[in-house]
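Asker: I am sharing work_9.tsv, which consists of TSV, C-alpha atoms:
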chain	number	residue	atom	x	y	z
A	1	MET	CA	-21.19	-21.83	-13.81
A	2	ASN	CA	-22.53	-20.62	-17.19
A	3	ARG	CA	-22.31	-17.02	-15.97
A	4	GLY	CA	-18.68	-17.58	-14.97
A	5	ALA	CA	-17.84	-19.16	-18.33
A	6	ILE	CA	-19.45	-16.29	-20.24
A	7	LEU	CA	-17.61	-13.73	-18.12
A	8	LEU	CA	-14.31	-15.56	-18.59
A	9	GLY	CA	-14.76	-15.63	-22.38
A	10	PHE	CA	-15.64	-11.93	-22.46
A	11	SER	CA	-12.67	-11.10	-20.22
A	12	LEU	CA	-10.24	-12.92	-22.49
A	13	LEU	CA	-11.62	-11.06	-25.51
A	14	VAL	CA	-11.17	-7.73	-23.73
A	15	LEU	CA	-7.65	-8.61	-22.63
A	16	ALA	CA	-6.66	-9.73	-26.12
A	17	GLY	CA	-6.45	-6.02	-26.95
A	18	CYS	CA	-4.63	-5.01	-23.78
A	19	SER	CA	-1.04	-5.43	-24.95
A	20	ARG	CA	0.46	-1.96	-24.66
A	21	GLU	CA	3.88	-0.51	-25.23
A	22	ARG	CA	5.70	0.34	-22.02
A	23	GLY	CA	7.48	3.66	-21.77
A	24	PRO	CA	11.22	4.08	-21.13
A	25	ASP	CA	10.49	3.65	-17.41
A	26	GLY	CA	8.89	0.26	-18.03
A	27	ILE	CA	5.38	1.56	-17.32
A	28	SER	CA	2.33	1.91	-19.58
A	29	ASP	CA	0.03	4.58	-18.20
A	30	PRO	CA	-2.18	6.05	-20.95
A	31	TYR	CA	-4.93	6.70	-18.36
A	32	GLU	CA	-2.70	8.85	-16.12
A	33	PRO	CA	-5.05	11.87	-15.86
A	34	MET	CA	-7.95	9.62	-14.82
A	35	ASN	CA	-5.69	7.56	-12.56
A	36	ARG	CA	-4.42	10.68	-10.80
A	37	GLY	CA	-8.01	11.74	-10.16
A	38	PHE	CA	-8.80	8.37	-8.56
A	39	HIS	CA	-5.52	8.52	-6.64
A	40	ALA	CA	-6.51	11.88	-5.18
A	41	PHE	CA	-9.87	10.40	-4.19
A	42	ASN	CA	-8.24	7.33	-2.59
A	43	ARG	CA	-5.68	9.49	-0.80
A	44	GLY	CA	-8.42	11.71	0.60
A	45	LEU	CA	-10.43	8.68	1.68
A	46	ASP	CA	-7.37	7.28	3.43
A	47	SER	CA	-6.62	10.59	5.12
A	48	HIS	CA	-10.15	11.23	6.41
A	49	VAL	CA	-11.57	7.73	6.95
A	50	VAL	CA	-9.23	4.74	6.66
A	51	LYS	CA	-6.21	6.11	8.51
A	52	PRO	CA	-8.19	7.41	11.53
A	53	LEU	CA	-10.19	4.17	11.77
A	54	SER	CA	-7.16	1.89	11.40
A	55	GLY	CA	-4.92	3.84	13.77
A	56	GLY	CA	-5.90	1.80	16.84
A	57	MET	CA	-6.32	-1.54	15.11
A	58	SER	CA	-2.76	-2.82	15.05
A	59	SER	CA	-1.95	-2.72	18.74
A	60	ASP	CA	-3.05	-1.70	22.20
A	61	GLY	CA	-0.26	-0.02	24.12
A	62	ASP	CA	3.07	-1.79	23.64
A	63	GLY	CA	1.71	-4.96	22.03
A	64	PRO	CA	-1.30	-6.62	20.45
A	65	GLY	CA	-4.36	-6.17	22.63
A	66	LEU	CA	-8.03	-7.02	22.48
A	67	ALA	CA	-8.78	-4.66	19.58
A	68	SER	CA	-5.86	-5.99	17.56
A	69	ARG	CA	-6.81	-9.62	18.16
A	70	ALA	CA	-10.45	-8.91	17.27
A	71	VAL	CA	-9.43	-7.27	13.98
A	72	THR	CA	-7.10	-10.17	13.21
A	73	GLY	CA	-9.90	-12.65	13.87
A	74	VAL	CA	-12.37	-10.81	11.65
A	75	GLY	CA	-9.72	-10.51	8.93
A	76	ASN	CA	-8.99	-14.24	9.23
A	77	PHE	CA	-12.70	-14.97	8.80
A	78	GLY	CA	-12.88	-12.90	5.62
A	79	SER	CA	-9.69	-14.42	4.22
A	80	ASN	CA	-10.93	-17.93	4.94
A	81	LEU	CA	-14.00	-17.37	2.77
A	82	ALA	CA	-11.66	-16.55	-0.12
A	83	GLU	CA	-9.72	-19.85	0.13
A	84	PRO	CA	-11.98	-21.92	-2.20
A	85	GLY	CA	-11.53	-19.33	-4.94
A	86	LYS	CA	-7.77	-19.45	-4.42
A	87	ALA	CA	-7.84	-23.25	-4.73
A	88	VAL	CA	-9.65	-22.93	-8.08
A	89	ASN	CA	-7.07	-20.43	-9.31
A	90	HIS	CA	-4.21	-22.73	-8.30
A	91	LEU	CA	-5.83	-25.48	-10.40
A	92	LEU	CA	-6.31	-23.14	-13.35
A	93	GLN	CA	-2.60	-22.28	-13.08
A	94	GLY	CA	-1.70	-25.99	-13.26
A	95	LYS	CA	-0.61	-26.16	-9.60
A	96	PRO	CA	-2.47	-29.08	-7.98
A	97	GLU	CA	-0.32	-29.23	-4.81
A	98	PRO	CA	-1.09	-25.71	-3.52
A	99	ALA	CA	-4.72	-26.25	-4.58
A	100	VAL	CA	-5.02	-29.33	-2.38
A	101	LYS	CA	-3.22	-27.63	0.52
A	102	THR	CA	-5.51	-24.62	0.21
A	103	VAL	CA	-8.59	-26.87	0.38
A	104	PHE	CA	-7.24	-28.58	3.51
A	105	ARG	CA	-6.40	-25.18	4.97
A	106	PHE	CA	-9.98	-24.05	4.40
A	107	LEU	CA	-11.41	-27.20	6.01
A	108	VAL	CA	-9.13	-26.97	9.05
A	109	ASN	CA	-9.78	-23.29	9.70
A	110	THR	CA	-13.52	-23.61	9.06
A	111	THR	CA	-13.85	-26.45	11.60
A	112	VAL	CA	-11.03	-26.34	14.16
A	113	GLY	CA	-10.57	-22.59	13.60
A	114	LEU	CA	-14.19	-21.77	14.46
A	115	GLY	CA	-15.32	-20.65	11.06
A	116	GLY	CA	-11.97	-19.13	10.17
A	117	PHE	CA	-11.64	-16.64	13.03
A	118	LEU	CA	-8.60	-18.62	14.20
A	119	ASP	CA	-5.76	-19.90	12.01
A	120	PRO	CA	-4.70	-23.33	13.32
A	121	ALA	CA	-3.90	-24.38	9.74
A	122	THR	CA	-0.81	-22.16	9.85
A	123	ALA	CA	0.09	-22.58	13.52
A	124	ASP	CA	-0.49	-26.32	13.96
A	125	PHE	CA	-0.78	-27.97	10.54
A	126	ALA	CA	1.97	-26.23	8.52
A	127	LEU	CA	-0.58	-25.03	5.95
A	128	PRO	CA	0.18	-21.31	5.51
A	129	GLU	CA	-1.87	-19.19	3.16
A	130	GLN	CA	-0.74	-19.42	-0.46
A	131	ASP	CA	-2.29	-16.31	-1.90
A	132	THR	CA	-3.29	-16.09	-5.54
A	133	ASP	CA	-6.01	-14.60	-7.71
A	134	PHE	CA	-7.39	-14.67	-11.22
A	135	GLY	CA	-5.06	-11.85	-12.24
A	136	GLN	CA	-2.18	-14.25	-11.55
A	137	THR	CA	-4.02	-16.98	-13.46
A	138	LEU	CA	-4.25	-14.69	-16.49
A	139	ALA	CA	-0.51	-13.97	-16.16
A	140	VAL	CA	0.24	-17.71	-16.15
A	141	TRP	CA	-1.87	-18.03	-19.31
A	142	GLY	CA	0.34	-15.44	-20.98
A	143	ILE	CA	-2.10	-12.52	-20.96
A	144	PRO	CA	-0.13	-9.22	-20.89
A	145	GLU	CA	-0.63	-6.89	-17.93
A	146	GLY	CA	-1.95	-4.03	-20.04
A	147	ALA	CA	-1.96	-0.47	-18.80
A	148	TYR	CA	-1.65	0.65	-15.20
A	149	LEU	CA	-4.89	1.56	-13.44
A	150	GLU	CA	-5.72	3.07	-10.10
A	151	LEU	CA	-9.23	2.06	-9.14
A	152	PRO	CA	-11.46	3.99	-6.72
A	153	LEU	CA	-11.51	2.26	-3.30
A	154	LEU	CA	-9.51	-0.73	-4.60
A	155	GLY	CA	-6.28	1.13	-5.34
A	156	PRO	CA	-3.46	0.18	-7.74
A	157	SER	CA	-4.10	-2.39	-10.45
A	158	THR	CA	-3.58	-3.09	-14.15
A	159	GLU	CA	-6.04	-3.88	-16.92
A	160	ARG	CA	-5.29	-7.58	-16.45
A	161	ASP	CA	-5.67	-7.47	-12.67
A	162	ALA	CA	-8.85	-5.38	-12.90
A	163	VAL	CA	-10.45	-8.09	-15.03
A	164	GLY	CA	-9.12	-10.66	-12.57
A	165	LYS	CA	-10.83	-8.89	-9.68
A	166	VAL	CA	-14.17	-8.97	-11.50
A	167	VAL	CA	-13.86	-12.67	-12.32
A	168	ASP	CA	-12.82	-13.52	-8.75
A	169	LEU	CA	-15.88	-11.68	-7.46
A	170	VAL	CA	-18.45	-13.04	-9.91
A	171	ALA	CA	-17.13	-16.60	-10.17
A	172	ASP	CA	-16.34	-17.07	-6.45
A	173	PRO	CA	-17.25	-20.70	-5.55
A	174	MET	CA	-18.62	-19.50	-2.20
A	175	GLY	CA	-21.23	-17.51	-4.12
A	176	ALA	CA	-23.14	-20.75	-4.69
A	177	VAL	CA	-23.12	-21.53	-0.95
A	178	LEU	CA	-23.64	-18.18	0.78
A	179	ASN	CA	-26.69	-15.97	0.54
A	180	ARG	CA	-26.45	-12.26	-0.23
A	181	ASP	CA	-26.24	-11.15	3.40
A	182	GLN	CA	-23.50	-13.69	4.12
A	183	ARG	CA	-21.52	-12.52	1.09
A	184	VAL	CA	-21.80	-8.92	2.24
A	185	LEU	CA	-20.65	-9.97	5.71
A	186	GLY	CA	-17.64	-11.75	4.23
A	187	PHE	CA	-16.75	-8.73	2.10
A	188	GLY	CA	-17.00	-6.50	5.16
A	189	ALA	CA	-14.70	-8.84	7.08
A	190	ARG	CA	-12.09	-8.58	4.34
A	191	LEU	CA	-12.31	-4.79	4.50
A	192	VAL	CA	-11.70	-4.94	8.25
A	193	GLY	CA	-8.65	-7.11	7.59
A	194	LYS	CA	-7.34	-4.56	5.07
A	195	ALA	CA	-7.88	-1.77	7.58
A	196	GLY	CA	-5.90	-3.80	10.11
A	197	GLU	CA	-3.02	-4.07	7.63
A	198	ARG	CA	-3.22	-0.30	7.09
A	199	GLY	CA	-2.80	0.18	10.84
A	200	GLU	CA	0.05	-2.32	11.08
A	201	TYR	CA	2.08	-0.72	8.28
A	202	GLY	CA	0.87	2.81	8.90
A	203	ASP	CA	4.27	4.52	8.97
A	204	THR	CA	5.32	3.02	5.64
A	205	VAL	CA	2.01	3.83	3.96
A	206	ASP	CA	2.16	7.37	5.32
A	207	SER	CA	5.66	7.87	3.93
A	208	VAL	CA	4.48	6.93	0.43
A	209	LEU	CA	1.16	8.79	0.47
A	210	TYR	CA	2.07	11.91	2.42
A	211	ASP	CA	5.85	12.33	2.39
A	212	SER	CA	6.55	11.69	-1.30
A	213	ALA	CA	7.01	14.54	-3.74
A	214	ASP	CA	4.63	12.70	-6.09
A	215	SER	CA	2.65	10.09	-4.19
A	216	TYR	CA	0.92	8.87	-7.35
A	217	ALA	CA	4.17	8.11	-9.20
A	218	GLN	CA	5.70	6.56	-6.07
A	219	THR	CA	2.67	4.34	-5.47
A	220	ARG	CA	2.62	3.27	-9.13
A	221	LEU	CA	6.32	2.37	-9.16
A	222	ILE	CA	6.30	0.43	-5.90
A	223	TRP	CA	3.09	-1.44	-6.66
A	224	LEU	CA	4.06	-2.44	-10.22
A	225	GLN	CA	7.53	-3.66	-9.25
A	226	HIS	CA	6.13	-5.63	-6.32
A	227	ARG	CA	3.33	-7.17	-8.40
A	228	ARG	CA	5.62	-8.09	-11.29
A	229	HIS	CA	8.03	-9.78	-8.90
A	230	GLU	CA	5.13	-11.58	-7.22
A	231	LEU	CA	4.06	-12.95	-10.62
A	232	GLY	CA	7.60	-13.89	-11.63
A	233	GLU	CA	7.63	-11.27	-14.40
A	234	GLU	CA	10.41	-9.13	-12.94
A	235	GLY	CA	13.40	-10.13	-10.84
A	236	GLU	CA	13.83	-7.11	-8.59
A	237	ALA	CA	11.13	-6.50	-6.00
A	238	ILE	CA	10.17	-3.47	-3.97
A	239	ASP	CA	8.30	-4.51	-0.85
A	240	PRO	CA	5.54	-1.92	-0.35
A	241	TYR	CA	5.71	-2.58	3.40
A	242	ALA	CA	9.50	-2.45	3.72
A	243	GLU	CA	10.92	0.00	6.23
What does this structure look like when you write it as structure tokens?
Answerer:
Amino acid sequence: MNRGAILLGFSLLVLAGCSRERGPDGISDPYEPMNRGFHAFNRGLDSHVVKPLSGGMSSDGDGPGLASRAVTGVGNFGSNLAEPGKAVNHLLQGKPEPAVKTVFRFLVNTTVGLGGFLDPATADFALPEQDTDFGQTLAVWGIPEGAYLELPLLGPSTERDAVGKVVDLVADPMGAVLNRDQRVLGFGARLVGKAGERGEYGDTVDSVLYDSADSYAQTRLIWLQHRRHELGEEGEAIDPYAE
């Protein structure tokens, strides 16, 4: 808990200096040369590793098959381990109702859902996932988004969301319950879930990464508008998975 408090205090100090002027296009990107380098790395990783691996994950034949269901189950397991952290973030945002529902969702899926591989909380108990993170918590607290970042492996972000990712990782409540091997297993399960999403929305992702005249600028625009809408900071949304 002390480690989390120290990290939170340091993060807020860092973010206090992250207010940056946006350009005429509404984007602050002073790190563009570095970001483009990481984008090229991520694009190459997707082309040579993620895309080939995820190609068969979304379906078998004309509909979801054994591989698809297995990937969904593993992704559910990884997502379930993240629910306690989401509940904490809901509380930090002053939203007790979604916090309580998220706790019940975690308990239902951990028990009835066989450790989270199944999702009866959504199907049978009307407790759908209410996603959130510490980046959103910082936004609720009035911390500005800062400059745009593209992180290696993790993809698009901002200074505020990058700090949020670190806090979510270090201050995860499950860290006090799981040992190192279990945490690694949970992280791997989340990666499998992300790969499954890449397979499910493959055509849309391909159109942005490989059919755009400037895939970096296109990714930046779509991600920022979607994230700002998600956080209630911008009215018009671009769904990154829209057809």
Asker: When distances are computed from only C-alpha atoms, which of A:Pro30, A:Glu145, A:Gly37, A:Leu53 shows the smallest separation from Arg228 in chain A?
Answerer: A:Glu145
Asker: Name all residues at most 8 Å from Leu81 in chain A (count all atoms listed in the file; drop same-chain ones fewer than 3 positions away) and give them as a short mmCIF file (atom, residue, chain, number, x, y, z; two decimals) with C-alpha atoms, in the coordinates of the input.
Answerer:
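So the final result, stored in around_38.cif, reads:
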data_model
loop_
_atom_site.label_atom_id
_atom_site.label_comp_id
_atom_site.auth_asym_id
_atom_site.auth_seq_id
_atom_site.Cartn_x
_atom_site.Cartn_y
_atom_site.Cartn_z
CA PHE A 77 -12.70 -14.97 8.80
CA GLY A 78 -12.88 -12.90 5.62
CA PRO A 84 -11.98 -21.92 -2.20
CA PHE A 106 -9.98 -24.05 4.40
CA GLY A 116 -11.97 -19.13 10.17
CA MET A 174 -18.62 -19.50 -2.20
CA GLY A 186 -17.64 -11.75 4.23
#
Asker: Using only C-alpha atoms, what residues lie at most 7 Å away from (-3.4, -10.8, -15.2) (file coordinates), given as a list in words?
Answerer: Phe134, Gly135, Gln136, Thr137, Leu138, Ala139, Ile143, Pro144, Glu145, Arg160, Asp161 and Gly164 of chain A
Asker: For range 147-231 of chain A against range 69-75 of chain A, with a cut-off of 10 Å and counting all atoms listed in the file, what is the closest atom pair and its distance in Å to one decimal for every residue that makes the cut, ordered by chain and number, as CSV?
Answerer:
residue,atom,partner,partner_atom,distance
A:Gly186,CA,A:Val74,CA,9.1
A:Phe187,CA,A:Gly75,CA,10.0
A:Gly188,CA,A:Val74,CA,9.1
A:Ala189,CA,A:Val74,CA,5.5
A:Arg190,CA,A:Gly75,CA,5.5
A:Leu191,CA,A:Gly75,CA,7.7
A:Val192,CA,A:Gly75,CA,6.0
A:Gly193,CA,A:Gly75,CA,3.8
A:Lys194,CA,A:Gly75,CA,7.5
A:Ala195,CA,A:Val71,CA,8.6
A:Gly196,CA,A:Val71,CA,6.3
A:Glu197,CA,A:Thr72,CA,9.2
Asker: Could you name the residues that touch Pro128 in chain A at 8 Å or less, counting all atoms listed in the file, but leaving out those on the same chain fewer than 6 positions away, as a list in words?
Answerer: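 The contact residues come out as Arg105, Ala121 and Thr122 of chain A.
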Asker: Would you compute the distance between CA of Pro156 in chain A and CA of Asn35 in chain A? Give it in Å to one decimal.
Answerer: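 Computed distance, CA of Pro156 in chain A to CA of Asn35 in chain A, equals 9.1 Å.
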Asker: Residues at most 10 Å from Glu129 in chain A, counting only C-alpha atoms, excluding those fewer than 2 positions away in the same chain, as a VMD selection string?
Answerer: chain A and resid 79 to 80 83 86 98 101 to 102 105 to 106 119 121 to 122 126 to 127 131 to 132
Asker: Each residue of range 137-166 of chain A lying at most 8 Å from range 21-28 of chain A should get a row with its shortest atom-to-atom pair and the distance in Å to one decimal, counting all atoms listed in the file; could you produce that, ordered by chain and increasing number, as a tab-separated table?
Answerer:
residue	atom	partner	partner_atom	distance
A:Gly146	CA	A:Ser28	CA	7.3
A:Ala147	CA	A:Ser28	CA	5.0
A:Tyr148	CA	A:Ser28	CA	6.1
Asker: Provide the CA of Gly85 in chain A to CA of Leu231 in chain A distance in Å, to one decimal place.
Answerer: 17.8 Å
Asker: Calculate how many Å separate CA of Tyr31 in chain A from CA of Glu159 in chain A, rounding to one decimal.
Answerer: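 For CA of Tyr31 in chain A relative to CA of Glu159 in chain A, the distance reads 10.7 Å.
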Asker: Find the residues near range 209-226 of chain A: any atom within 12 Å, counting all atoms listed in the file, skip ones fewer than 2 places away on the same chain, and give them as a PyMOL selection string.
Answerer: chain A and resi 25-29+32-47+51+145-151+155-158+161+202-207+228-242
Asker: Taking C-alpha atoms for each residue, export the selection above as a CSV table (one decimal), in the coordinates of the input.
Answerer:
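And here's part-v3.csv as it stands now:
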chain,number,residue,atom,x,y,z
A,25,ASP,CA,10.5,3.6,-17.4
A,26,GLY,CA,8.9,0.3,-18.0
A,27,ILE,CA,5.4,1.6,-17.3
A,28,SER,CA,2.3,1.9,-19.6
A,29,ASP,CA,0.0,4.6,-18.2
A,32,GLU,CA,-2.7,8.8,-16.1
A,33,PRO,CA,-5.0,11.9,-15.9
A,34,MET,CA,-8.0,9.6,-14.8
A,35,ASN,CA,-5.7,7.6,-12.6
A,36,ARG,CA,-4.4,10.7,-10.8
A,37,GLY,CA,-8.0,11.7,-10.2
A,38,PHE,CA,-8.8,8.4,-8.6
A,39,HIS,CA,-5.5,8.5,-6.6
A,40,ALA,CA,-6.5,11.9,-5.2
A,41,PHE,CA,-9.9,10.4,-4.2
A,42,ASN,CA,-8.2,7.3,-2.6
A,43,ARG,CA,-5.7,9.5,-0.8
A,44,GLY,CA,-8.4,11.7,0.6
A,45,LEU,CA,-10.4,8.7,1.7
A,46,ASP,CA,-7.4,7.3,3.4
A,47,SER,CA,-6.6,10.6,5.1
A,51,LYS,CA,-6.2,6.1,8.5
A,145,GLU,CA,-0.6,-6.9,-17.9
A,146,GLY,CA,-2.0,-4.0,-20.0
A,147,ALA,CA,-2.0,-0.5,-18.8
A,148,TYR,CA,-1.6,0.6,-15.2
A,149,LEU,CA,-4.9,1.6,-13.4
A,150,GLU,CA,-5.7,3.1,-10.1
A,151,LEU,CA,-9.2,2.1,-9.1
A,155,GLY,CA,-6.3,1.1,-5.3
A,156,PRO,CA,-3.5,0.2,-7.7
A,157,SER,CA,-4.1,-2.4,-10.4
A,158,THR,CA,-3.6,-3.1,-14.2
A,161,ASP,CA,-5.7,-7.5,-12.7
A,202,GLY,CA,0.9,2.8,8.9
A,203,ASP,CA,4.3,4.5,9.0
A,204,THR,CA,5.3,3.0,5.6
A,205,VAL,CA,2.0,3.8,4.0
A,206,ASP,CA,2.2,7.4,5.3
A,207,SER,CA,5.7,7.9,3.9
A,228,ARG,CA,5.6,-8.1,-11.3
A,229,HIS,CA,8.0,-9.8,-8.9
A,230,GLU,CA,5.1,-11.6,-7.2
A,231,LEU,CA,4.1,-13.0,-10.6
A,232,GLY,CA,7.6,-13.9,-11.6
A,233,GLU,CA,7.6,-11.3,-14.4
A,234,GLU,CA,10.4,-9.1,-12.9
A,235,GLY,CA,13.4,-10.1,-10.8
A,236,GLU,CA,13.8,-7.1,-8.6
A,237,ALA,CA,11.1,-6.5,-6.0
A,238,ILE,CA,10.2,-3.5,-4.0
A,239,ASP,CA,8.3,-4.5,-0.8
A,240,PRO,CA,5.5,-1.9,-0.4
A,241,TYR,CA,5.7,-2.6,3.4
A,242,ALA,CA,9.5,-2.4,3.7
Asker: For Glu200 in chain A, which of A:Val49, A:Val88, A:Arg183, A:Ser68 is the closest residue, counting all atoms listed in the file?
Answerer: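 Comparing A:Val49, A:Val88, A:Arg183, A:Ser68 against Glu200 in chain A, the winner is A:Ser68.
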